[in-house]
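Shown below: data-v7.txt, with compact mmCIF, C-alpha atoms.
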```txt
# COMPACT_ATOMS: atom_id res chain seq x y z
CA MET A 1 -16.72 4.00 -19.61
CA ARG A 2 -15.10 7.41 -20.01
CA PRO A 3 -13.01 8.06 -23.16
CA GLU A 4 -9.79 8.20 -21.10
CA GLN A 5 -10.46 4.78 -19.56
CA HIS A 6 -9.98 1.27 -20.93
CA VAL A 7 -10.84 -2.23 -19.76
CA ASP A 8 -8.30 -3.25 -17.14
CA ILE A 9 -6.20 -6.41 -17.18
CA LEU A 10 -8.59 -7.77 -14.52
CA GLY A 11 -11.34 -7.74 -17.15
CA GLU A 12 -14.75 -6.10 -17.19
CA PRO A 13 -16.19 -4.36 -15.24
CA TRP A 14 -12.75 -3.20 -14.06
CA VAL A 15 -11.45 -0.14 -15.91
CA ALA A 16 -8.07 1.60 -15.79
CA GLU A 17 -6.98 5.14 -16.49
CA THR A 18 -3.43 6.32 -17.16
CA ILE A 19 -2.56 9.52 -15.30
CA GLY A 20 0.21 11.58 -16.88
CA LEU A 21 2.75 13.10 -14.48
CA PRO A 22 5.69 15.48 -14.92
CA PRO A 23 8.76 13.67 -16.33
CA ASP A 24 11.70 12.89 -14.10
CA GLU A 25 15.38 12.25 -14.84
CA GLU A 26 14.47 8.92 -16.52
CA GLY A 27 11.82 10.40 -18.81
CA PRO A 28 7.98 10.29 -18.99
CA VAL A 29 6.14 9.23 -15.83
CA VAL A 30 2.61 7.89 -15.35
CA ALA A 31 0.43 6.42 -12.63
CA THR A 32 -2.62 4.19 -13.15
CA LEU A 33 -6.02 4.45 -11.48
CA VAL A 34 -8.04 1.23 -11.49
CA HIS A 35 -11.76 1.38 -10.77
CA ARG A 36 -14.86 -0.73 -10.31
CA PRO A 37 -18.17 0.94 -9.37
CA THR A 38 -20.92 -0.48 -7.20
CA GLU A 39 -24.16 -1.61 -8.84
CA ARG A 40 -26.03 1.20 -7.08
CA PRO A 41 -24.33 4.57 -6.46
CA THR A 42 -24.01 5.48 -2.77
CA GLY A 43 -21.59 8.41 -2.82
CA ARG A 44 -18.94 6.39 -0.98
CA ALA A 45 -15.60 5.15 -2.25
CA VAL A 46 -12.29 3.51 -1.28
CA LEU A 47 -8.87 4.37 -2.69
CA HIS A 48 -6.21 1.69 -2.12
CA VAL A 49 -2.42 2.07 -2.47
CA HIS A 50 -0.15 -0.99 -2.71
CA GLY A 51 3.21 -1.74 -1.08
CA PHE A 52 6.78 -2.29 -2.34
CA THR A 53 7.18 -4.82 -5.18
CA ASP A 54 3.43 -4.82 -5.54
CA TYR A 55 0.46 -3.60 -7.58
CA PHE A 56 -3.31 -3.93 -7.36
CA PHE A 57 -4.72 -7.42 -7.96
CA HIS A 58 -6.68 -7.85 -4.70
CA THR A 59 -10.16 -8.33 -6.13
CA GLU A 60 -11.41 -10.13 -3.01
CA TYR A 61 -10.52 -7.11 -0.87
CA ALA A 62 -12.27 -4.87 -3.38
CA ALA A 63 -15.35 -7.12 -3.36
CA TRP A 64 -15.66 -6.69 0.40
CA TRP A 65 -15.95 -2.92 0.01
CA LEU A 66 -18.14 -3.12 -3.09
CA GLU A 67 -20.66 -5.28 -1.23
CA ARG A 68 -20.91 -2.49 1.35
CA GLY A 69 -21.66 0.16 -1.21
CA TYR A 70 -18.20 1.62 -1.78
CA ASP A 71 -16.95 2.29 -5.30
CA PHE A 72 -13.47 0.81 -5.34
CA TYR A 73 -10.39 2.54 -6.73
CA ALA A 74 -6.77 1.41 -6.62
CA LEU A 75 -3.69 3.40 -7.59
CA ASP A 76 -0.63 1.78 -9.14
CA LEU A 77 1.99 4.38 -8.25
CA ARG A 78 4.62 5.53 -10.73
CA LYS A 79 7.09 2.79 -11.68
CA TYR A 80 4.90 0.05 -10.19
CA GLY A 81 2.71 -2.53 -11.88
CA ARG A 82 0.61 -1.09 -14.70
CA SER A 83 2.61 2.15 -14.48
CA ILE A 84 6.09 0.71 -15.19
CA ARG A 85 7.57 1.87 -18.49
CA PRO A 86 10.58 0.29 -20.26
CA HIS A 87 12.89 3.28 -19.63
CA GLN A 88 12.28 3.27 -15.87
CA THR A 89 13.89 1.77 -12.77
CA PRO A 90 10.97 -0.11 -11.18
CA THR A 91 9.85 1.13 -7.74
CA TYR A 92 12.42 3.95 -7.59
CA ILE A 93 11.66 7.34 -6.10
CA ALA A 94 13.93 9.85 -4.35
CA ASP A 95 11.29 11.52 -2.15
CA LEU A 96 8.04 9.98 -0.90
CA HIS A 97 6.36 13.36 -1.19
CA ASP A 98 6.65 13.05 -4.97
CA TYR A 99 3.84 10.49 -4.76
CA PHE A 100 1.53 13.28 -3.62
CA ALA A 101 1.18 14.30 -7.28
CA GLU A 102 -0.61 11.10 -8.34
CA LEU A 103 -2.53 10.87 -5.08
CA ASP A 104 -3.78 14.44 -5.59
CA LEU A 105 -4.86 13.68 -9.15
CA ALA A 106 -6.51 10.39 -8.19
CA TRP A 107 -8.29 12.08 -5.29
CA TRP A 108 -9.59 14.82 -7.60
CA ARG A 109 -10.96 12.23 -10.02
CA ILE A 110 -12.72 10.38 -7.21
CA THR A 111 -14.11 13.34 -5.27
CA GLU A 112 -14.71 15.99 -7.93
CA ARG A 113 -15.07 14.26 -11.28
CA ASP A 114 -16.79 11.09 -10.06
CA GLY A 115 -18.92 12.77 -7.41
CA HIS A 116 -17.61 11.36 -4.12
CA GLY A 117 -17.22 14.85 -2.74
CA ASP A 118 -19.29 14.78 0.42
CA PRO A 119 -17.47 15.19 3.75
CA ALA A 120 -16.00 11.94 5.09
CA SER A 121 -17.18 9.95 2.05
CA VAL A 122 -13.90 8.30 0.98
CA VAL A 123 -11.78 5.70 2.78
CA LEU A 124 -8.05 5.71 2.05
CA SER A 125 -6.36 2.29 2.27
CA GLY A 126 -2.63 1.53 2.24
CA HIS A 127 -0.50 -1.59 2.54
CA SER A 128 3.12 -1.67 3.80
CA THR A 129 5.04 1.12 2.00
CA GLY A 130 1.68 2.34 0.75
CA GLY A 131 0.64 2.64 4.39
CA LEU A 132 3.52 5.02 5.05
CA VAL A 133 2.83 7.03 1.88
CA THR A 134 -0.91 7.37 2.53
CA SER A 135 -0.29 8.40 6.14
CA LEU A 136 2.05 11.18 5.03
CA TRP A 137 -0.33 12.34 2.30
CA ALA A 138 -3.36 12.38 4.61
CA HIS A 139 -1.39 14.36 7.20
CA HIS A 140 -0.28 17.01 4.71
CA ARG A 141 -3.49 17.27 2.68
CA GLN A 142 -6.19 16.74 5.37
CA PRO A 143 -8.93 16.40 2.72
CA GLY A 144 -12.43 16.95 4.00
CA GLN A 145 -13.71 13.93 2.07
CA LEU A 146 -11.42 11.57 4.02
CA GLY A 147 -13.67 9.43 6.19
CA ALA A 148 -11.07 6.94 7.42
CA LEU A 149 -7.57 5.59 6.88
CA VAL A 150 -7.12 1.80 6.85
CA LEU A 151 -3.52 0.61 7.10
CA ASN A 152 -2.56 -3.00 6.39
CA SER A 153 0.85 -3.80 7.93
CA PRO A 154 2.20 -0.28 7.33
CA TRP A 155 5.97 0.11 7.06
CA PHE A 156 6.72 2.44 9.95
CA ASP A 157 10.40 1.66 10.70
CA LEU A 158 13.42 -0.14 9.31
CA GLN A 159 13.26 -3.79 10.26
CA GLY A 160 16.32 -5.86 11.05
CA ALA A 161 19.39 -5.32 13.23
CA PRO A 162 19.27 -2.29 15.59
CA TRP A 163 22.42 -0.77 14.10
CA LEU A 164 20.49 -0.10 10.88
CA ARG A 165 18.50 2.54 12.76
CA THR A 166 21.48 4.35 14.29
CA ALA A 167 22.53 7.89 13.38
CA ALA A 168 25.80 6.57 11.94
CA ALA A 169 23.98 4.19 9.61
CA GLY A 170 21.69 7.05 8.61
CA ARG A 171 24.64 9.25 7.67
CA VAL A 172 26.13 6.50 5.49
CA LEU A 173 22.79 5.91 3.81
CA ASP A 174 22.30 9.63 3.19
CA THR A 175 25.76 9.97 1.66
CA VAL A 176 25.47 6.97 -0.64
CA GLY A 177 21.84 7.78 -1.43
CA GLN A 178 22.81 11.25 -2.62
CA ARG A 179 25.91 10.28 -4.58
CA GLN A 180 24.80 6.91 -5.99
CA PRO A 181 21.00 6.88 -5.67
CA LEU A 182 20.43 3.95 -8.04
CA ARG A 183 23.09 1.76 -6.47
CA ALA A 184 21.50 -1.49 -5.27
CA LEU A 185 21.85 -2.49 -1.64
CA LYS A 186 23.40 -5.92 -1.19
CA ARG A 187 20.88 -8.15 0.53
CA GLU A 188 19.75 -11.75 0.56
CA VAL A 189 16.20 -12.30 -0.65
CA ASP A 190 14.93 -15.86 -0.21
CA GLY A 191 11.59 -15.30 -1.93
CA VAL A 192 9.74 -17.08 0.89
CA TYR A 193 7.03 -14.47 1.15
CA GLY A 194 6.39 -14.30 -2.58
CA ARG A 195 6.22 -18.07 -2.85
CA SER A 196 3.77 -18.23 0.03
CA LEU A 197 1.42 -16.03 -2.01
CA HIS A 198 1.59 -17.16 -5.64
CA ARG A 199 -0.52 -20.14 -6.67
CA ASP A 200 2.33 -21.65 -8.67
CA HIS A 201 4.59 -21.75 -5.60
CA GLY A 202 2.37 -22.99 -2.77
CA GLY A 203 0.14 -19.94 -2.38
CA GLU A 204 -3.43 -19.11 -3.29
CA TRP A 205 -3.17 -16.00 -5.47
CA ASP A 206 -2.56 -15.25 -9.12
CA PHE A 207 -0.53 -12.17 -10.01
CA ASP A 208 1.93 -10.99 -12.65
CA LEU A 209 5.41 -12.13 -11.64
CA THR A 210 7.04 -9.44 -13.77
CA TRP A 211 5.27 -6.76 -11.72
CA LYS A 212 5.48 -8.60 -8.40
CA PRO A 213 8.48 -10.94 -8.67
CA VAL A 214 8.87 -13.64 -6.07
CA GLU A 215 12.44 -12.46 -5.33
CA SER A 216 11.33 -8.79 -5.03
CA PHE A 217 12.90 -5.83 -6.85
CA PRO A 218 16.32 -4.43 -5.88
CA VAL A 219 16.43 -1.92 -3.05
CA ARG A 220 18.20 1.28 -4.19
CA PHE A 221 20.13 3.52 -1.80
CA GLY A 222 18.30 6.64 -2.93
CA TRP A 223 14.94 4.95 -2.44
CA LEU A 224 15.90 3.71 1.04
CA ARG A 225 17.04 7.23 1.91
CA ALA A 226 13.56 8.44 0.98
CA ILE A 227 11.98 5.75 3.14
CA ARG A 228 14.09 6.75 6.14
CA ALA A 229 13.05 10.37 5.69
CA GLY A 230 9.43 9.25 5.67
CA HIS A 231 9.97 7.22 8.81
CA ALA A 232 11.56 10.21 10.54
CA GLU A 233 8.56 12.37 9.67
CA LEU A 234 6.17 9.75 11.03
CA HIS A 235 8.21 9.29 14.21
CA ALA A 236 8.06 13.03 14.85
CA GLY A 237 4.28 12.68 14.89
CA LEU A 238 1.58 13.08 12.24
CA SER A 239 -1.93 14.40 12.73
CA VAL A 240 -4.33 12.48 10.52
CA LEU A 241 -7.67 13.65 11.92
CA ALA A 242 -9.85 10.91 10.43
CA PRO A 243 -10.21 7.60 12.32
CA VAL A 244 -7.32 5.24 11.58
CA LEU A 245 -7.33 1.43 11.67
CA VAL A 246 -4.01 -0.42 11.70
CA LEU A 247 -4.10 -4.15 11.01
CA SER A 248 -1.10 -6.46 11.25
CA SER A 249 -0.10 -10.01 11.99
CA ALA A 250 0.30 -10.88 15.64
CA SER A 251 3.94 -11.87 15.26
CA THR A 252 7.04 -11.81 13.07
CA VAL A 253 9.33 -14.61 11.93
CA HIS A 254 12.57 -13.37 10.36
CA SER A 255 13.67 -16.60 8.73
CA ALA A 256 11.14 -19.05 7.40
CA GLU A 257 10.54 -21.68 4.79
CA VAL A 258 7.30 -21.95 2.81
CA ASP A 259 5.53 -23.76 5.62
CA ASP A 260 3.32 -22.76 8.52
CA ASP A 261 5.65 -19.92 9.52
CA ALA A 262 5.50 -18.21 6.13
CA HIS A 263 1.73 -18.64 5.98
CA THR A 264 0.97 -17.53 9.54
CA HIS A 265 3.43 -14.73 10.40
CA ASP A 266 4.73 -11.48 8.98
CA VAL A 267 8.03 -12.51 7.39
CA VAL A 268 8.66 -9.04 5.93
CA LEU A 269 8.29 -6.42 8.69
CA ASP A 270 8.70 -6.33 12.47
CA VAL A 271 5.25 -6.40 14.05
CA PRO A 272 6.47 -4.74 17.30
CA GLN A 273 7.57 -1.71 15.24
CA ILE A 274 4.14 -1.44 13.62
CA ARG A 275 2.54 -1.57 17.05
CA GLN A 276 5.00 0.94 18.50
CA TRP A 277 4.55 3.63 15.87
CA SER A 278 0.86 3.26 15.03
CA ALA A 279 -0.15 5.93 17.55
CA SER A 280 2.09 8.40 15.69
CA VAL A 281 -0.35 8.59 12.77
CA GLY A 282 -3.00 10.66 14.51
CA PRO A 283 -5.17 11.20 17.60
CA HIS A 284 -7.68 8.42 16.84
CA VAL A 285 -5.95 5.12 16.02
CA THR A 286 -7.23 1.57 16.52
CA TYR A 287 -4.62 -1.19 16.35
CA VAL A 288 -5.60 -4.83 15.82
CA ALA A 289 -3.18 -7.79 15.65
CA ILE A 290 -4.55 -10.80 13.77
CA ASP A 291 -3.20 -14.13 14.96
CA GLY A 292 -1.94 -16.18 12.01
CA ALA A 293 -1.96 -13.33 9.48
CA LYS A 294 0.61 -12.81 6.74
CA HIS A 295 2.36 -9.53 5.98
CA ASP A 296 -0.49 -8.57 3.65
CA VAL A 297 -3.27 -9.50 6.02
CA VAL A 298 -5.95 -9.75 3.30
CA LEU A 299 -3.83 -12.40 1.53
CA SER A 300 -3.70 -14.64 4.61
CA LEU A 301 -5.11 -18.16 4.77
CA PRO A 302 -8.92 -18.28 4.36
CA HIS A 303 -9.86 -18.70 8.04
CA VAL A 304 -7.50 -15.87 8.99
CA ARG A 305 -8.89 -13.61 6.26
CA ALA A 306 -12.30 -14.20 7.78
CA MET A 307 -10.98 -12.81 11.07
CA VAL A 308 -9.46 -9.83 9.24
CA TYR A 309 -12.78 -8.99 7.60
CA ASP A 310 -14.64 -9.47 10.88
CA GLU A 311 -12.37 -6.89 12.52
CA LEU A 312 -12.66 -4.56 9.54
CA ASP A 313 -16.44 -4.91 9.52
CA ARG A 314 -16.69 -4.14 13.24
CA TRP A 315 -14.47 -1.07 12.94
CA VAL A 316 -16.10 0.29 9.78
CA GLY A 317 -19.49 -0.15 11.39
CA ALA A 318 -18.39 1.73 14.49
CA TYR A 319 -16.41 4.61 12.98
CA VAL A 320 -17.20 4.95 9.28
CA ASP A 321 -20.75 3.77 8.55
CA ARG A 322 -22.39 5.13 11.68
CA GLY A 323 -24.90 7.07 9.64
CA GLY A 324 -26.13 3.97 7.83
CA PRO A 325 -26.18 3.42 4.04
CA ALA A 326 -25.64 6.54 1.96
```

Show me the file's structure as structure tokens.
Amino acid sequence: MRPEQHVDILGEPWVAETIGLPPDEEGPVVATLVHRPTERPTGRAVLHVHGFTDYFFHTEYAAWWLERGYDFYALDLRKYGRSIRPHQTPTYIADLHDYFAELDLAWWRITERDGHGDPASVVLSGHSTGGLVTSLWAHHRQPGQLGALVLNSPWFDLQGAPWLRTAAAGRVLDTVGQRQPLRALKREVDGVYGRSLHRDHGGEWDFDLTWKPVESFPVRFGWLRAIRAGHAELHAGLSVLAPVLVLSSASTVHSAEVDDDAHTHDVVLDVPQIRQWSASVGPHVTYVAIDGAKHDVVLSLPHVRAMVYDELDRWVGAYVDRGGPA
């Protein structure tokens, strides 16, 4: 273990490293890089970025990559999970490009410091909002070490009523987002998705409910303005040159109880929007819809997760591991 690292909350052999970032209007800012190495070095690695109201706890997903010889890293972005500080507004950011700072620093640690610097040796993975952020970063940075981009239900458009995506709605959001950026948007959150995940509420998974509350965190106008700007950039067309895999559920249910619907559909985002905009990420995109998957496809029911990993295995074998073990 390096001096700057400590044993992570997941326990050994997981380690975490706090990455200092320039302060913002709320004060000091940090991100957190979580890491577990393979038993035998291969030169390959994965960097995963979480979604909104989320942080890294997906050890089963990590184990899948570790078994294939990939050192696994996960980044808790500023004001999320391990990186939240008492003086901060959780999840808030005014510009998605600000996340490039911690992604750059994490990427340097993985590729330069830790030796994963060969061309096409690192897979970048993003879920939901993290899928949008990683797509933007990969487009702007085009790192030579990027071997693939794996997107799990990426957030590529505003879900909900069509009027939310009109120019008039955008002007209102821009105005309020500039003048009152921390003002919370009034919305009803039923907590169905969170309850479908956590083991104390009918789900299978254990995670910190202060970092990933069942009812979600408030949505701030300034944050939503940043999301819309990111969507607009994506819709204009990105050019991520590495192979891209987009995984999602096969269908969306907008109103559900914690029953089969919540366990077998995306109850957070609109699947047709994910399908529509996936080709905007780059010239080489594979899209796969998994019947019965949840919003976070790797947290689906066991038999559905098996299908997710089958699809991931087939795609990684075809486009990422073509040269055989490193």

Selected residue, from A:Val267, A:Trp315, A:His139, A:Leu247, that lies nearest to Gly282 of chain A when counting all atoms listed in the file: A:His139

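For the pair atom CA of Val30 of chain A and atom CA of Lys212 of chain A, the interatomic distance is 18.1 Å.
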
Who sits within 8 Å of segment 180-195 of chain A, all atoms listed in the file, same chain under 5 positions skipped, as a PyMOL selection string: chain A and resi 94+200-203+213-216+218-223+256-258+262+267-268

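In this comparison, which uses all atoms listed in the file, the residue of A:Pro119, A:Gly237, A:Pro283, A:Pro302 approaching His263 of chain A most closely is A:Pro302.
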
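The neighbours of segment 34-51 of chain A here are the residues that come within 6 Å of it, using only C-alpha atoms and leaving out any residue fewer than 2 positions away in the same chain; they are Trp14, Val15, Ala16, Asp54, Tyr55, Leu66, Tyr70, Asp71, Phe72, Tyr73, Ala74, Leu75, His116, Ser121, Val122, Val123, Leu124, Ser125, Gly126, His127, Ser128, Thr129, Gly130 and Ala326 of chain A.
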
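With atom CA of Pro143 of chain A on one side and atom CA of Ser278 of chain A on the other, the separation reads 20.5 Å.
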
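Interatomic distance, atom CA of Thr175 of chain A against atom CA of Lys79 of chain A: 24.0 Å.
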
Surrounding residues of Val285 of chain A excluding itself and chain neighbours under 6 positions, 8 Å, all atoms listed in the file, as a PyMOL selection string: chain A and resi 243-246+278-279

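Comparing A:Val288, A:Leu149, A:Leu103, A:Ala169 by their smallest distance to Arg314 of chain A, the closest is A:Val288 (using all atoms listed in the file).
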
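Distance check against Thr166 of chain A using all atoms listed in the file: of A:Arg275, A:Arg228, A:Phe56, A:Thr18, the minimum falls on A:Arg228.
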
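Between Arg165 of chain A and the residues A:Ser153, A:Thr53, A:Gln273, A:Thr286, the shortest atom-to-atom distance, using only C-alpha atoms, involves A:Gln273.
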
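With all atoms listed in the file as the atoms that count, the minimum distance from Thr210 of chain A to the choices A:His140, A:Tyr80, A:His87, A:Val253 is reached by A:Tyr80.
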
Contacts of Ala106 of chain A at 9 Å (all atoms listed in the file; same-chain gap of 4+ positions) as a list in words: Ile19, Thr32, Leu33, Leu47, Tyr73, Leu75, Ala101, Glu102, Ile110 and Thr111 of chain A

Completed segment 171-182 of chain A (all heavy atoms) as a short mmCIF file (atom, residue, chain, number, x, y, z; two decimals), keeping the file's coordinate frame:
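Contents of the output file selection_10.cif:
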```cif
data_model
loop_
_atom_site.label_atom_id
_atom_site.label_comp_id
_atom_site.auth_asym_id
_atom_site.auth_seq_id
_atom_site.Cartn_x
_atom_site.Cartn_y
_atom_site.Cartn_z
N ARG A 171 23.72 8.37 8.39
CA ARG A 171 24.64 9.25 7.67
C ARG A 171 25.24 8.55 6.46
O ARG A 171 25.40 9.15 5.39
CB ARG A 171 25.74 9.73 8.62
CG ARG A 171 25.26 10.76 9.64
CD ARG A 171 26.41 11.41 10.36
NE ARG A 171 27.14 10.47 11.21
CZ ARG A 171 26.84 10.23 12.49
NH1 ARG A 171 25.81 10.85 13.06
NH2 ARG A 171 27.55 9.38 13.21
N VAL A 172 25.59 7.27 6.61
CA VAL A 172 26.13 6.50 5.49
C VAL A 172 25.08 6.38 4.38
O VAL A 172 25.36 6.58 3.20
CB VAL A 172 26.57 5.11 5.95
CG1 VAL A 172 26.94 4.23 4.75
CG2 VAL A 172 27.77 5.22 6.90
N LEU A 173 23.86 6.06 4.79
CA LEU A 173 22.79 5.91 3.81
C LEU A 173 22.51 7.23 3.09
O LEU A 173 22.32 7.25 1.87
CB LEU A 173 21.51 5.43 4.52
CG LEU A 173 20.30 5.20 3.63
CD1 LEU A 173 20.59 4.16 2.56
CD2 LEU A 173 19.11 4.76 4.49
N ASP A 174 22.52 8.33 3.81
CA ASP A 174 22.30 9.63 3.19
C ASP A 174 23.39 9.95 2.17
O ASP A 174 23.11 10.44 1.07
CB ASP A 174 22.25 10.73 4.25
CG ASP A 174 20.93 10.76 4.99
OD1 ASP A 174 19.97 10.16 4.50
OD2 ASP A 174 20.87 11.39 6.07
N THR A 175 24.63 9.66 2.55
CA THR A 175 25.76 9.97 1.66
C THR A 175 25.69 9.14 0.38
O THR A 175 25.77 9.69 -0.74
CB THR A 175 27.09 9.71 2.38
OG1 THR A 175 27.17 10.55 3.53
CG2 THR A 175 28.25 10.00 1.45
N VAL A 176 25.53 7.83 0.53
CA VAL A 176 25.47 6.97 -0.64
C VAL A 176 24.21 7.25 -1.45
O VAL A 176 24.23 7.28 -2.69
CB VAL A 176 25.53 5.49 -0.24
CG1 VAL A 176 25.44 4.59 -1.48
CG2 VAL A 176 26.80 5.19 0.54
N GLY A 177 23.10 7.51 -0.75
CA GLY A 177 21.84 7.78 -1.43
C GLY A 177 21.88 9.04 -2.27
O GLY A 177 21.22 9.12 -3.31
N GLN A 178 22.67 10.02 -1.84
CA GLN A 178 22.81 11.25 -2.62
C GLN A 178 23.76 11.07 -3.79
O GLN A 178 23.49 11.55 -4.90
CB GLN A 178 23.32 12.38 -1.72
CG GLN A 178 22.26 12.97 -0.80
CD GLN A 178 22.81 14.12 0.02
OE1 GLN A 178 23.90 14.03 0.61
NE2 GLN A 178 22.09 15.22 0.06
N ARG A 179 24.87 10.40 -3.55
CA ARG A 179 25.91 10.28 -4.58
C ARG A 179 25.64 9.17 -5.58
O ARG A 179 25.96 9.30 -6.76
CB ARG A 179 27.26 10.05 -3.90
CG ARG A 179 27.72 11.23 -3.03
CD ARG A 179 29.02 10.91 -2.35
NE ARG A 179 29.49 12.03 -1.52
CZ ARG A 179 30.58 12.00 -0.74
NH1 ARG A 179 31.32 10.89 -0.69
NH2 ARG A 179 30.92 13.05 -0.02
N GLN A 180 25.07 8.06 -5.12
CA GLN A 180 24.80 6.91 -5.99
C GLN A 180 23.36 6.42 -5.73
O GLN A 180 23.17 5.31 -5.24
CB GLN A 180 25.79 5.79 -5.72
CG GLN A 180 27.25 6.17 -5.89
CD GLN A 180 28.17 5.03 -5.52
OE1 GLN A 180 28.18 3.97 -6.15
NE2 GLN A 180 28.96 5.22 -4.48
N PRO A 181 22.37 7.22 -6.06
CA PRO A 181 21.00 6.88 -5.67
C PRO A 181 20.47 5.57 -6.24
O PRO A 181 19.65 4.90 -5.60
CB PRO A 181 20.19 8.07 -6.18
CG PRO A 181 21.04 8.70 -7.24
CD PRO A 181 22.44 8.49 -6.81
N LEU A 182 20.95 5.17 -7.43
CA LEU A 182 20.43 3.95 -8.04
C LEU A 182 21.28 2.72 -7.71
O LEU A 182 20.99 1.62 -8.19
CB LEU A 182 20.35 4.11 -9.56
CG LEU A 182 19.34 5.15 -10.05
CD1 LEU A 182 19.33 5.21 -11.57
CD2 LEU A 182 17.94 4.85 -9.52
#
```
